[in-house]
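Asks: File work.pdb below, PDB, C-alpha atoms:
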```
ATOM      1  CA  MET K 419      30.058  42.609 -22.591
ATOM      2  CA  ALA K 420      27.483  39.889 -22.113
ATOM      3  CA  ALA K 421      25.402  38.706 -25.044
ATOM      4  CA  ASN K 422      21.833  39.885 -25.542
ATOM      5  CA  PHE K 423      19.030  37.506 -24.612
ATOM      6  CA  VAL K 424      16.053  37.321 -26.933
ATOM      7  CA  CYS K 425      12.597  36.526 -25.609
ATOM      8  CA  ARG K 426       9.575  35.892 -27.801
ATOM      9  CA  THR K 427       6.544  37.972 -26.885
ATOM     10  CA  ARG K 428       3.425  39.532 -28.399
ATOM     11  CA  ASP K 429       4.058  42.059 -31.117
ATOM     12  CA  PRO K 430       2.796  45.397 -29.775
ATOM     13  CA  LYS K 431       1.924  46.438 -33.332
ATOM     14  CA  ASN K 432      -0.160  43.327 -33.917
ATOM     15  CA  PRO K 433      -0.796  41.890 -30.463
ATOM     16  CA  GLU K 434      -3.683  39.567 -31.364
ATOM     17  CA  GLN K 435      -1.774  37.548 -33.923
ATOM     18  CA  GLY K 436       1.827  38.635 -34.190
ATOM     19  CA  THR K 437       4.920  37.843 -32.202
ATOM     20  CA  ALA K 438       8.054  39.893 -31.752
ATOM     21  CA  ASP K 439      11.475  39.562 -30.203
ATOM     22  CA  ALA K 440      12.029  41.438 -26.966
ATOM     23  CA  ILE K 441      15.714  41.870 -26.216
ATOM     24  CA  PHE K 442      17.298  41.863 -22.794
ATOM     25  CA  PRO K 443      20.449  43.857 -23.606
ATOM     26  CA  GLY K 444      23.644  42.259 -22.390
ATOM     27  CA  ALA K 445      24.862  45.578 -20.961
ATOM     28  CA  TYR K 446      21.650  45.885 -18.917
ATOM     29  CA  THR K 447      21.542  42.344 -17.557
ATOM     30  CA  GLU K 448      25.265  42.428 -16.823
ATOM     31  CA  ARG K 449      24.849  45.629 -14.833
ATOM     32  CA  LEU K 450      22.028  44.125 -12.793
ATOM     33  CA  TYR K 451      24.170  41.024 -12.266
ATOM     34  CA  LYS K 452      26.978  43.169 -10.862
ATOM     35  CA  VAL K 453      25.142  45.752  -8.752
ATOM     36  CA  ALA K 454      21.473  44.798  -8.305
ATOM     37  CA  GLN K 455      21.350  41.157  -7.283
ATOM     38  CA  VAL K 456      17.651  40.923  -6.397
ATOM     39  CA  GLN K 457      16.607  42.799  -9.527
ATOM     40  CA  TYR K 458      18.756  40.420 -11.543
ATOM     41  CA  LEU K 459      17.023  37.447  -9.941
ATOM     42  CA  ASN K 460      13.646  39.032 -10.670
ATOM     43  CA  LEU K 461      14.440  39.104 -14.376
ATOM     44  CA  VAL K 462      12.842  35.675 -14.228
ATOM     45  CA  ALA K 463       9.587  37.447 -13.356
ATOM     46  CA  ALA K 464      10.195  39.872 -16.224
ATOM     47  CA  LYS K 465      10.627  37.018 -18.668
ATOM     48  CA  PHE K 466       7.402  35.512 -17.354
ATOM     49  CA  VAL K 467       5.624  38.810 -18.019
ATOM     50  CA  LEU K 468       6.825  38.949 -21.611
ATOM     51  CA  GLU K 469       5.764  35.364 -22.210
ATOM     52  CA  ASN K 470       2.411  35.707 -20.417
ATOM     53  CA  VAL K 471       1.532  39.345 -20.897
ATOM     54  CA  GLU K 472      -1.853  40.570 -19.632
ATOM     55  CA  ARG K 473      -1.752  44.230 -20.703
ATOM     56  CA  ILE K 474       0.302  46.272 -23.183
ATOM     57  CA  PHE K 475       0.522  50.052 -22.905
ATOM     58  CA  PHE K 476       2.100  52.485 -25.341
ATOM     59  CA  GLY K 477       3.578  55.960 -24.961
ATOM     60  CA  VAL K 478       5.462  55.503 -21.727
ATOM     61  CA  ARG K 479       7.926  58.372 -21.651
ATOM     62  CA  GLU K 480       7.660  62.133 -21.949
ATOM     63  CA  TYR K 481      11.156  62.748 -23.285
ATOM     64  CA  ASN K 482      11.522  59.621 -25.409
ATOM     65  CA  GLU K 483       8.985  58.927 -28.124
ATOM     66  CA  GLY K 484       7.421  55.512 -28.293
ATOM     67  CA  GLY K 485       8.074  52.594 -26.042
ATOM     68  CA  TRP K 486       5.925  49.965 -24.442
ATOM     69  CA  CYS K 487       4.963  48.659 -21.046
ATOM     70  CA  TYR K 488       4.032  44.991 -20.683
ATOM     71  CA  THR K 489       2.385  43.868 -17.457
ATOM     72  CA  ALA K 490       1.345  40.639 -15.791
ATOM     73  CA  ARG K 491       1.416  39.031 -12.389
ATOM     74  CA  PRO K 492       4.059  36.329 -11.826
ATOM     75  CA  GLU K 493       3.332  33.686  -9.238
ATOM     76  CA  GLN K 494       6.377  34.531  -7.137
ATOM     77  CA  TRP K 495       9.348  36.823  -6.864
ATOM     78  CA  HIS K 496      12.494  37.420  -4.869
ATOM     79  CA  ILE K 497      12.219  39.937  -2.041
ATOM     80  CA  ARG K 498      15.772  39.122  -0.956
ATOM     81  CA  ALA K 499      18.438  37.150  -2.730
ATOM     82  CA  ASP K 500      17.574  34.035  -0.737
ATOM     83  CA  VAL K 501      13.880  34.659  -0.107
ATOM     84  CA  VAL K 502      11.193  33.843  -2.667
ATOM     85  CA  VAL K 503       7.574  34.650  -1.797
ATOM     86  CA  PRO K 504       4.246  34.759  -3.634
ATOM     87  CA  PHE K 505       3.855  37.909  -5.682
ATOM     88  CA  PRO K 506       1.675  40.333  -3.646
ATOM     89  CA  PRO K 507      -1.941  40.849  -4.738
ATOM     90  CA  ASP K 508      -1.708  44.649  -4.642
ATOM     91  CA  LYS K 509       1.217  44.810  -7.066
ATOM     92  CA  VAL K 510       1.744  44.188 -10.758
ATOM     93  CA  PHE K 511       5.017  43.459 -12.514
ATOM     94  CA  ALA K 512       5.896  45.818 -15.365
ATOM     95  CA  VAL K 513       8.483  45.404 -18.101
ATOM     96  CA  TYR K 514       9.380  48.520 -20.080
ATOM     97  CA  LEU K 515      10.709  48.330 -23.627
ATOM     98  CA  ASN K 516      12.042  51.094 -25.811
ATOM     99  CA  PRO K 517      10.789  51.524 -29.413
ATOM    100  CA  LEU K 518      13.412  49.049 -30.629
ATOM    101  CA  MET K 519      12.009  46.413 -28.216
ATOM    102  CA  TYR K 520      14.994  46.578 -25.895
ATOM    103  CA  VAL K 521      14.062  45.926 -22.261
ATOM    104  CA  TYR K 522      15.248  48.759 -20.048
ATOM    105  CA  GLU K 523      13.285  48.477 -16.817
ATOM    106  CA  CYS K 524      11.697  45.576 -14.932
ATOM    107  CA  ARG K 525       9.945  46.259 -11.652
ATOM    108  CA  ALA K 526       6.907  45.810  -9.490
ATOM    109  CA  GLU K 527       4.431  48.651  -9.328
ATOM    110  CA  PHE K 528       1.407  49.376  -7.179
ATOM    111  CA  ALA K 529      -1.650  47.987  -8.960
ATOM    112  CA  ALA K 530      -4.620  50.077 -10.006
ATOM    113  CA  ASP K 531      -7.766  49.756  -7.899
ATOM    114  CA  ASP K 532      -9.934  49.093 -10.939
ATOM    115  CA  ASP K 533      -7.668  46.520 -12.605
ATOM    116  CA  ALA K 534      -4.992  44.597 -10.720
ATOM    117  CA  THR K 535      -3.043  43.941 -13.915
ATOM    118  CA  CYS K 536      -2.575  47.673 -14.594
ATOM    119  CA  PRO K 537      -0.115  49.971 -12.796
ATOM    120  CA  ILE K 538      -1.685  52.637 -10.627
ATOM    121  CA  ASN K 539      -2.720  55.832 -12.479
ATOM    122  CA  TRP K 540      -2.227  54.083 -15.789
ATOM    123  CA  ARG K 541      -4.701  56.354 -17.573
ATOM    124  CA  ASP K 542      -2.564  59.392 -16.782
ATOM    125  CA  ARG K 543       0.838  57.792 -17.183
ATOM    126  CA  TYR K 544       0.559  56.179 -20.597
ATOM    127  CA  ARG K 545      -0.898  57.352 -23.854
ATOM    128  CA  GLY K 546      -3.059  54.285 -24.029
ATOM    129  CA  LEU K 547      -3.794  50.643 -23.428
ATOM    130  CA  ILE K 548      -3.364  48.885 -26.751
ATOM    131  CA  TRP K 549      -4.081  45.316 -25.770
ATOM    132  CA  LYS K 550      -5.569  43.325 -22.918
ATOM    133  CA  ARG K 551      -5.896  39.609 -22.502
ATOM    134  CA  THR K 552      -9.499  38.562 -22.654
ATOM    135  CA  SER K 553      -9.219  34.814 -22.243
TER     136      SER K 553
ATOM    137  CA  MET L 155      15.580  26.037  -7.459
ATOM    138  CA  GLU L 156      15.507  26.323 -11.219
ATOM    139  CA  ALA L 157      18.596  27.900 -12.782
ATOM    140  CA  HIS L 158      18.329  31.530 -13.847
ATOM    141  CA  PHE L 159      17.765  31.796 -17.602
ATOM    142  CA  LEU L 160      20.864  33.988 -17.922
ATOM    143  CA  GLU L 161      23.139  31.729 -15.904
ATOM    144  CA  GLY L 162      24.787  30.401 -19.051
ATOM    145  CA  ILE L 163      25.642  33.951 -20.125
ATOM    146  CA  LEU L 164      26.516  35.684 -16.867
ATOM    147  CA  GLY L 165      27.195  32.978 -14.284
ATOM    148  CA  ASN L 166      25.553  32.230 -10.971
ATOM    149  CA  ARG L 167      27.078  34.729  -8.565
ATOM    150  CA  PRO L 168      25.217  38.018  -8.900
ATOM    151  CA  SER L 169      26.225  40.707  -6.435
ATOM    152  CA  PHE L 170      25.027  44.009  -5.047
ATOM    153  CA  SER L 171      26.536  47.485  -4.836
ATOM    154  CA  PRO L 172      24.704  50.724  -3.929
ATOM    155  CA  GLU L 173      26.235  52.683  -6.770
ATOM    156  CA  PRO L 174      24.250  54.870  -9.145
ATOM    157  CA  TRP L 175      24.476  53.871 -12.790
ATOM    158  CA  TYR L 176      23.219  55.121 -16.094
ATOM    159  CA  ASN L 177      20.955  52.867 -18.120
ATOM    160  CA  PRO L 178      21.594  53.768 -21.780
ATOM    161  CA  TYR L 179      18.541  51.851 -23.039
ATOM    162  CA  GLY L 180      16.172  53.829 -20.835
ATOM    163  CA  ASP L 181      18.196  57.052 -20.697
ATOM    164  CA  CYS L 182      17.799  56.999 -16.934
ATOM    165  CA  LEU L 183      19.918  57.166 -13.813
ATOM    166  CA  VAL L 184      19.289  54.331 -11.368
ATOM    167  CA  CYS L 185      20.335  54.146  -7.748
ATOM    168  CA  GLN L 186      19.373  51.382  -5.333
ATOM    169  CA  THR L 187      20.706  51.375  -1.793
ATOM    170  CA  ALA L 188      19.394  48.066  -0.393
ATOM    171  CA  ASN L 189      19.563  44.595  -1.863
ATOM    172  CA  GLU L 190      15.811  43.986  -1.792
ATOM    173  CA  ALA L 191      12.932  43.785  -4.221
ATOM    174  CA  VAL L 192      11.886  47.137  -5.595
ATOM    175  CA  VAL L 193       8.381  48.563  -5.927
ATOM    176  CA  ALA L 194       8.248  51.659  -8.092
ATOM    177  CA  ASP L 195       6.483  54.720  -6.702
ATOM    178  CA  ARG L 196       6.224  57.141  -9.606
ATOM    179  CA  VAL L 197       6.383  60.755  -8.492
ATOM    180  CA  ASP L 198       6.334  62.658 -11.784
ATOM    181  CA  GLU L 199       7.560  62.366 -15.362
ATOM    182  CA  VAL L 200      11.156  62.339 -14.180
ATOM    183  CA  LEU L 201      11.470  60.819 -10.706
ATOM    184  CA  THR L 202      10.455  57.397  -9.459
ATOM    185  CA  ILE L 203      11.156  56.424  -5.869
ATOM    186  CA  TYR L 204      12.162  52.813  -5.316
ATOM    187  CA  ARG L 205      10.415  51.377  -2.275
ATOM    188  CA  SER L 206      11.313  48.153  -0.554
ATOM    189  CA  GLY L 207       9.130  45.216  -1.489
ATOM    190  CA  ILE L 208       9.494  44.083   2.117
ATOM    191  CA  ASP L 209       8.528  47.118   4.207
ATOM    192  CA  ASN L 210       7.821  49.959   1.749
ATOM    193  CA  ARG L 211      10.686  52.186   2.931
ATOM    194  CA  PRO L 212      12.552  54.188   0.253
ATOM    195  CA  ILE L 213      15.625  52.338  -0.999
ATOM    196  CA  GLY L 214      16.599  54.318  -4.064
ATOM    197  CA  PHE L 215      15.350  56.186  -7.081
ATOM    198  CA  GLN L 216      15.302  56.458 -10.845
ATOM    199  CA  VAL L 217      15.703  59.725 -12.767
ATOM    200  CA  LYS L 218      14.430  59.542 -16.343
ATOM    201  CA  GLY L 219      15.296  61.700 -19.323
ATOM    202  CA  ILE L 220      18.930  62.322 -18.424
ATOM    203  CA  SER L 221      19.762  63.476 -21.955
ATOM    204  CA  ALA L 222      16.962  66.040 -21.787
ATOM    205  CA  LEU L 223      18.239  67.267 -18.423
ATOM    206  CA  ILE L 224      21.732  67.712 -19.833
ATOM    207  CA  ARG L 225      20.319  69.470 -22.915
ATOM    208  CA  THR L 226      18.279  71.810 -20.736
ATOM    209  CA  PHE L 227      20.830  72.663 -18.071
ATOM    210  CA  GLY L 228      24.063  71.859 -19.873
ATOM    211  CA  LEU L 229      26.919  70.146 -18.141
ATOM    212  CA  ASP L 230      27.980  73.506 -16.784
ATOM    213  CA  GLY L 231      24.562  73.804 -15.198
ATOM    214  CA  LEU L 232      25.147  70.498 -13.458
ATOM    215  CA  SER L 233      28.687  71.388 -12.527
ATOM    216  CA  VAL L 234      28.148  72.518  -8.949
ATOM    217  CA  GLN L 235      29.915  69.426  -7.761
ATOM    218  CA  SER L 236      31.291  68.225 -11.048
ATOM    219  CA  GLU L 237      34.924  67.447 -11.599
ATOM    220  CA  SER L 238      36.749  68.814 -14.565
ATOM    221  CA  GLU L 239      40.016  67.963 -16.179
ATOM    222  CA  ALA L 240      41.703  70.445 -18.500
ATOM    223  CA  GLY L 241      38.443  72.346 -18.695
ATOM    224  CA  GLU L 242      36.402  69.278 -19.558
ATOM    225  CA  ILE L 243      33.776  67.996 -17.164
ATOM    226  CA  THR L 244      34.526  64.365 -16.347
ATOM    227  CA  SER L 245      31.937  63.577 -13.715
ATOM    228  CA  VAL L 246      28.561  64.915 -12.689
ATOM    229  CA  SER L 247      27.006  65.148  -9.264
ATOM    230  CA  VAL L 248      24.050  62.849  -8.717
ATOM    231  CA  TYR L 249      22.642  65.445  -6.313
ATOM    232  CA  ALA L 250      22.843  68.104  -9.024
ATOM    233  CA  LEU L 251      20.958  65.842 -11.423
ATOM    234  CA  LEU L 252      18.238  65.302  -8.825
ATOM    235  CA  LEU L 253      17.924  69.031  -8.179
ATOM    236  CA  ALA L 254      17.801  69.741 -11.900
ATOM    237  CA  ALA L 255      15.045  67.157 -12.250
ATOM    238  CA  TYR L 256      13.136  68.860  -9.451
ATOM    239  CA  GLU L 257      13.347  72.199 -11.219
ATOM    240  CA  ARG L 258      11.546  70.774 -14.243
ATOM    241  CA  GLY L 259       8.227  70.433 -12.487
ATOM    242  CA  PRO L 260       5.809  72.323 -10.264
ATOM    243  CA  ARG L 261       6.958  73.173  -6.765
ATOM    244  CA  THR L 262       4.487  71.087  -4.825
ATOM    245  CA  VAL L 263       4.811  69.653  -1.343
ATOM    246  CA  ARG L 264       4.511  66.117  -2.687
ATOM    247  CA  ARG L 265       7.341  66.628  -5.162
ATOM    248  CA  ARG L 266       9.542  68.331  -2.583
ATOM    249  CA  GLN L 267       9.005  65.477  -0.156
ATOM    250  CA  ALA L 268       9.709  62.887  -2.826
ATOM    251  CA  TYR L 269      12.923  64.532  -4.018
ATOM    252  CA  THR L 270      14.067  64.875  -0.413
ATOM    253  CA  CYS L 271      13.287  61.198  -0.022
ATOM    254  CA  ALA L 272      15.516  60.410  -2.996
ATOM    255  CA  LEU L 273      18.342  62.565  -1.680
ATOM    256  CA  GLU L 274      18.134  60.852   1.697
ATOM    257  CA  SER L 275      17.850  57.317   0.383
ATOM    258  CA  GLY L 276      21.618  56.885   0.526
ATOM    259  CA  PRO L 277      24.347  56.277   1.254
ATOM    260  CA  PHE L 278      25.381  56.018  -2.358
ATOM    261  CA  ARG L 279      28.264  57.203  -4.471
ATOM    262  CA  ASP L 280      27.412  60.793  -5.330
ATOM    263  CA  ARG L 281      29.127  61.083  -8.706
ATOM    264  CA  ILE L 282      28.693  59.487 -12.068
ATOM    265  CA  GLU L 283      31.229  59.554 -14.843
ATOM    266  CA  ARG L 284      30.363  61.837 -17.749
ATOM    267  CA  ARG L 285      31.501  59.199 -20.240
ATOM    268  CA  ASP L 286      28.904  56.797 -18.842
ATOM    269  CA  LEU L 287      26.027  59.161 -19.696
ATOM    270  CA  GLN L 288      25.728  58.089 -23.328
ATOM    271  CA  PRO L 289      22.318  56.861 -24.550
ATOM    272  CA  ALA L 290      22.232  53.619 -26.560
TER     273      ALA L 290
END
```
Translate the structure of the given file into structure tokens.
Replies:
Amino acid sequence: MAANFVCRTRDPKNPEQGTADAIFPGAYTERLYKVAQVQYLNLVAAKFVLENVERIFFGVREYNEGGWCYTARPEQWHIRADVVVPFPPDKVFAVYLNPLMYVYECRAEFAADDDATCPINWRDRYRGLIWKRTS
Amino acid sequence: MEAHFLEGILGNRPSFSPEPWYNPYGDCLVCQTANEAVVADRVDEVLTIYRSGIDNRPIGFQVKGISALIRTFGLDGLSVQSESEAGEITSVSVYALLLAAYERGPRTVRRRQAYTCALESGPFRDRIERRDLQPA
């Protein structure tokens, strides 16, 4: 199995001052590498989100306690394996982490009308917004 | 183009296959049927439809909370199209998992349409190995 990749990001428990390690599990990235080529290529966008996060949400799953959603808007992304385009203005890129800070889902979502760095219906989907970039 | 940050770990020849797989870190079943960017269209607490980042058509789905589905329905409850070996279930139908997920929520037109959308987003391999459904 492939090795884990560690990415430094804001600590969701102390987002103003702390940093934490987000882990791309080797089993996850290897699976994307084997069966989901474009999603694998867009892990670059996911890494950008973790390193330049705009919003952090908590309480992301009904059946699994805890977990975080980090969002931001990368400059570009792959829409096909050989096609890179600017990231669309009506979307936001979300990276989901479990309570142990393991990345388990990286994807674009439709952006909220009232805040383009939040996924649509974010007030209903998550238990709360715990941090937003202000500068 | 800049090298992928995982190239040193995994190589530089990623590939695509429309096979469903279980993500143990998210306890979810993932199926993507086209090699294109994905935009998530969340339907309910369990189902998310994957839409193409190119033309918005459905190209797959994600079913969350697989462990909870198995706890609720049991493997026998998902055994309509499951294979068994010496009385032990060795694979589970992806269709059965989707139908079980549908049963967890209200019977609305939107949900029915979305679950139909997921079922029709194929072709994809319709079974997943029981041994692969182990959370991290």
Asks: Got a sec to pull out which chain L residues are within 6 Å of chain K, counting all atoms listed in the file, and send them as a VMD selection string?
Replies: chain L and resid 168 to 171 179 to 180 190 to 191 193 to 194 219
Asks: Limited to C-alpha atoms, could you put the picked residues into a file as a PDB file, in the frame of the given file?
Replies:
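Saved to result_30.pdb:
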```pdb
ATOM      1  CA  PRO L 168      25.217  38.018  -8.900  1.00  0.00           C
ATOM      2  CA  SER L 169      26.225  40.707  -6.435  1.00  0.00           C
ATOM      3  CA  PHE L 170      25.027  44.009  -5.047  1.00  0.00           C
ATOM      4  CA  SER L 171      26.536  47.485  -4.836  1.00  0.00           C
ATOM      5  CA  TYR L 179      18.541  51.851 -23.039  1.00  0.00           C
ATOM      6  CA  GLY L 180      16.172  53.829 -20.835  1.00  0.00           C
ATOM      7  CA  GLU L 190      15.811  43.986  -1.792  1.00  0.00           C
ATOM      8  CA  ALA L 191      12.932  43.785  -4.221  1.00  0.00           C
ATOM      9  CA  VAL L 193       8.381  48.563  -5.927  1.00  0.00           C
ATOM     10  CA  ALA L 194       8.248  51.659  -8.092  1.00  0.00           C
ATOM     11  CA  GLY L 219      15.296  61.700 -19.323  1.00  0.00           C
TER      12      GLY L 219
END
```
Asks: To one decimal place, how far is atom CA of L:Asp195 from atom CA of L:Ala222 in Å?
Replies: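 Pair atom CA of L:Asp195 / atom CA of L:Ala222 returns 21.6 Å.
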Asks: Between K:Pro504, K:Asn470, K:Ile441, K:Ala464, single out the one closest to K:Arg428, counting all atoms listed in the file.
Replies: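 Between K:Pro504, K:Asn470, K:Ile441, K:Ala464, the residue approaching K:Arg428 most closely is K:Asn470.
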Asks: Please evaluate the PyMOL selection byres ((chain L and resi 188) around 7) against the structure above and give the resulting residues as an MDAnalysis selection string.
Replies: chainID L and resid 172 186:187 189:190 213
Asks: Just so the selection is clear, what residues does the PyMOL selection byres ((chain L and resi 221) around 10) cover here, as a VMD selection string?
Replies: (chain K and resid 481 to 482) or (chain L and resid 178 181 to 182 218 to 220 222 to 226 228 287 to 289)
Asks: Run through the PyMOL selection byres ((chain L and resi 276) around 10) on the given coordinates and return the selected residues as a PyMOL selection string.
Replies: chain L and resi 172-173+185-188+212-215+271-275+277-280
Asks: To one decimal place in Å, what is the distance between atom CA of K:Asp531 and atom CA of K:Asp429?
Replies: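 For atom CA of K:Asp531 relative to atom CA of K:Asp429, the distance reads 27.2 Å.
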Asks: List as a PyMOL selection string the protein and nucleic acid residues near K:Glu434, meaning an atom at most 12 Å away when all atoms listed in the file are counted, but skip any in the same chain fewer than 5 places from it.
Replies: chain K and resi 427-429+471-474+548-553
Asks: Point out the residue among L:His158, L:Arg284, L:Arg205, L:Arg196 with the least atom-to-atom distance to L:Ser245, counting all atoms listed in the file.
Replies: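 Closest to L:Ser245, using all atoms listed in the file: L:Arg284.
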Asks: For atom CA of L:Thr244 and atom CA of L:Phe227, quote the distance in Å rounded to one decimal.
Replies: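 Separating atom CA of L:Thr244 from atom CA of L:Phe227 is a distance of 16.1 Å.
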Asks: Which is closer to K:Phe476 than all the others in K:Pro430, K:Ala530, K:Asp542, K:Gly436, using all atoms listed in the file?
Replies: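 Selected residue with least distance to K:Phe476: K:Pro430.
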Asks: Just checking: using all atoms listed in the file, which residue out of L:Pro174, L:Leu183, L:Leu164, L:Ala255 ends up closest to L:Glu199?
Replies: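 Distance minimum relative to L:Glu199 lands on L:Ala255.
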Asks: Hey, what's within 9 Å of L:Tyr269 if we count only C-alpha atoms and toss same-chain stuff fewer than 4 positions away? As an mmCIF file with C-alpha atoms, keeping the file's coordinate frame, please?
Replies:
```
data_model
loop_
_atom_site.group_PDB
_atom_site.id
_atom_site.type_symbol
_atom_site.label_atom_id
_atom_site.label_comp_id
_atom_site.auth_asym_id
_atom_site.auth_seq_id
_atom_site.Cartn_x
_atom_site.Cartn_y
_atom_site.Cartn_z
ATOM 1 C CA VAL L 197 6.383 60.755 -8.492
ATOM 2 C CA LEU L 201 11.470 60.819 -10.706
ATOM 3 C CA ILE L 203 11.156 56.424 -5.869
ATOM 4 C CA LEU L 252 18.238 65.302 -8.825
ATOM 5 C CA LEU L 253 17.924 69.031 -8.179
ATOM 6 C CA ALA L 255 15.045 67.157 -12.250
ATOM 7 C CA TYR L 256 13.136 68.860 -9.451
ATOM 8 C CA ARG L 264 4.511 66.117 -2.687
ATOM 9 C CA ARG L 265 7.341 66.628 -5.162
ATOM 10 C CA LEU L 273 18.342 62.565 -1.680
ATOM 11 C CA GLU L 274 18.134 60.852 1.697
#
```
Asks: Keeping N, CA and C atoms, write stretch 435-455 of chain K of the structure just shown out as a CSV table (one decimal), in the first residue's frame.
Replies:
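Listing of out.csv after writing:
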```
chain,number,residue,atom,x,y,z
K,435,GLN,N,-4.7,30.2,15.5
K,435,GLN,CA,-3.3,30.1,15.8
K,435,GLN,C,-2.6,28.8,15.5
K,436,GLY,N,-3.4,27.7,15.6
K,436,GLY,CA,-2.7,26.4,15.6
K,436,GLY,C,-2.7,25.8,14.2
K,437,THR,N,-1.7,24.9,14.0
K,437,THR,CA,-1.7,24.1,12.8
K,437,THR,C,-1.8,22.6,13.2
K,438,ALA,N,-2.2,21.8,12.2
K,438,ALA,CA,-2.4,20.4,12.4
K,438,ALA,C,-2.0,19.7,11.1
K,439,ASP,N,-1.8,18.4,11.2
K,439,ASP,CA,-1.4,17.6,10.1
K,439,ASP,C,-2.7,16.9,9.5
K,440,ALA,N,-3.0,17.2,8.3
K,440,ALA,CA,-4.1,16.5,7.6
K,440,ALA,C,-3.4,15.4,6.8
K,441,ILE,N,-4.0,14.2,6.8
K,441,ILE,CA,-3.3,13.0,6.2
K,441,ILE,C,-4.1,12.5,5.0
K,442,PHE,N,-3.5,12.5,3.9
K,442,PHE,CA,-4.0,11.8,2.7
K,442,PHE,C,-3.7,10.3,2.9
K,443,PRO,N,-4.6,9.5,3.2
K,443,PRO,CA,-4.2,8.1,3.4
K,443,PRO,C,-3.8,7.4,2.1
K,444,GLY,N,-2.7,6.6,2.3
K,444,GLY,CA,-2.2,5.9,1.1
K,444,GLY,C,-3.2,5.1,0.4
K,445,ALA,N,-4.1,4.4,1.2
K,445,ALA,CA,-5.1,3.5,0.6
K,445,ALA,C,-6.1,4.3,-0.3
K,446,TYR,N,-6.4,5.6,0.2
K,446,TYR,CA,-7.3,6.4,-0.5
K,446,TYR,C,-6.7,7.0,-1.8
K,447,THR,N,-5.5,7.5,-1.7
K,447,THR,CA,-4.9,8.1,-2.9
K,447,THR,C,-4.5,7.0,-3.9
K,448,GLU,N,-4.2,5.9,-3.4
K,448,GLU,CA,-3.8,4.8,-4.3
K,448,GLU,C,-5.1,4.3,-5.1
K,449,ARG,N,-6.2,4.3,-4.4
K,449,ARG,CA,-7.5,3.9,-5.1
K,449,ARG,C,-7.8,4.9,-6.1
K,450,LEU,N,-7.7,6.2,-5.8
K,450,LEU,CA,-8.0,7.2,-6.8
K,450,LEU,C,-7.1,7.1,-8.0
K,451,TYR,N,-5.8,6.8,-7.7
K,451,TYR,CA,-4.8,6.7,-8.7
K,451,TYR,C,-5.2,5.5,-9.7
K,452,LYS,N,-5.8,4.5,-9.2
K,452,LYS,CA,-6.1,3.3,-10.0
K,452,LYS,C,-7.4,3.4,-10.7
K,453,VAL,N,-8.4,4.1,-10.1
K,453,VAL,CA,-9.8,4.0,-10.7
K,453,VAL,C,-10.4,5.4,-11.0
K,454,ALA,N,-9.8,6.4,-10.5
K,454,ALA,CA,-10.5,7.7,-10.6
K,454,ALA,C,-9.5,8.8,-11.0
K,455,GLN,N,-9.0,8.7,-12.2
K,455,GLN,CA,-7.8,9.5,-12.7
K,455,GLN,C,-8.0,11.0,-12.5
```
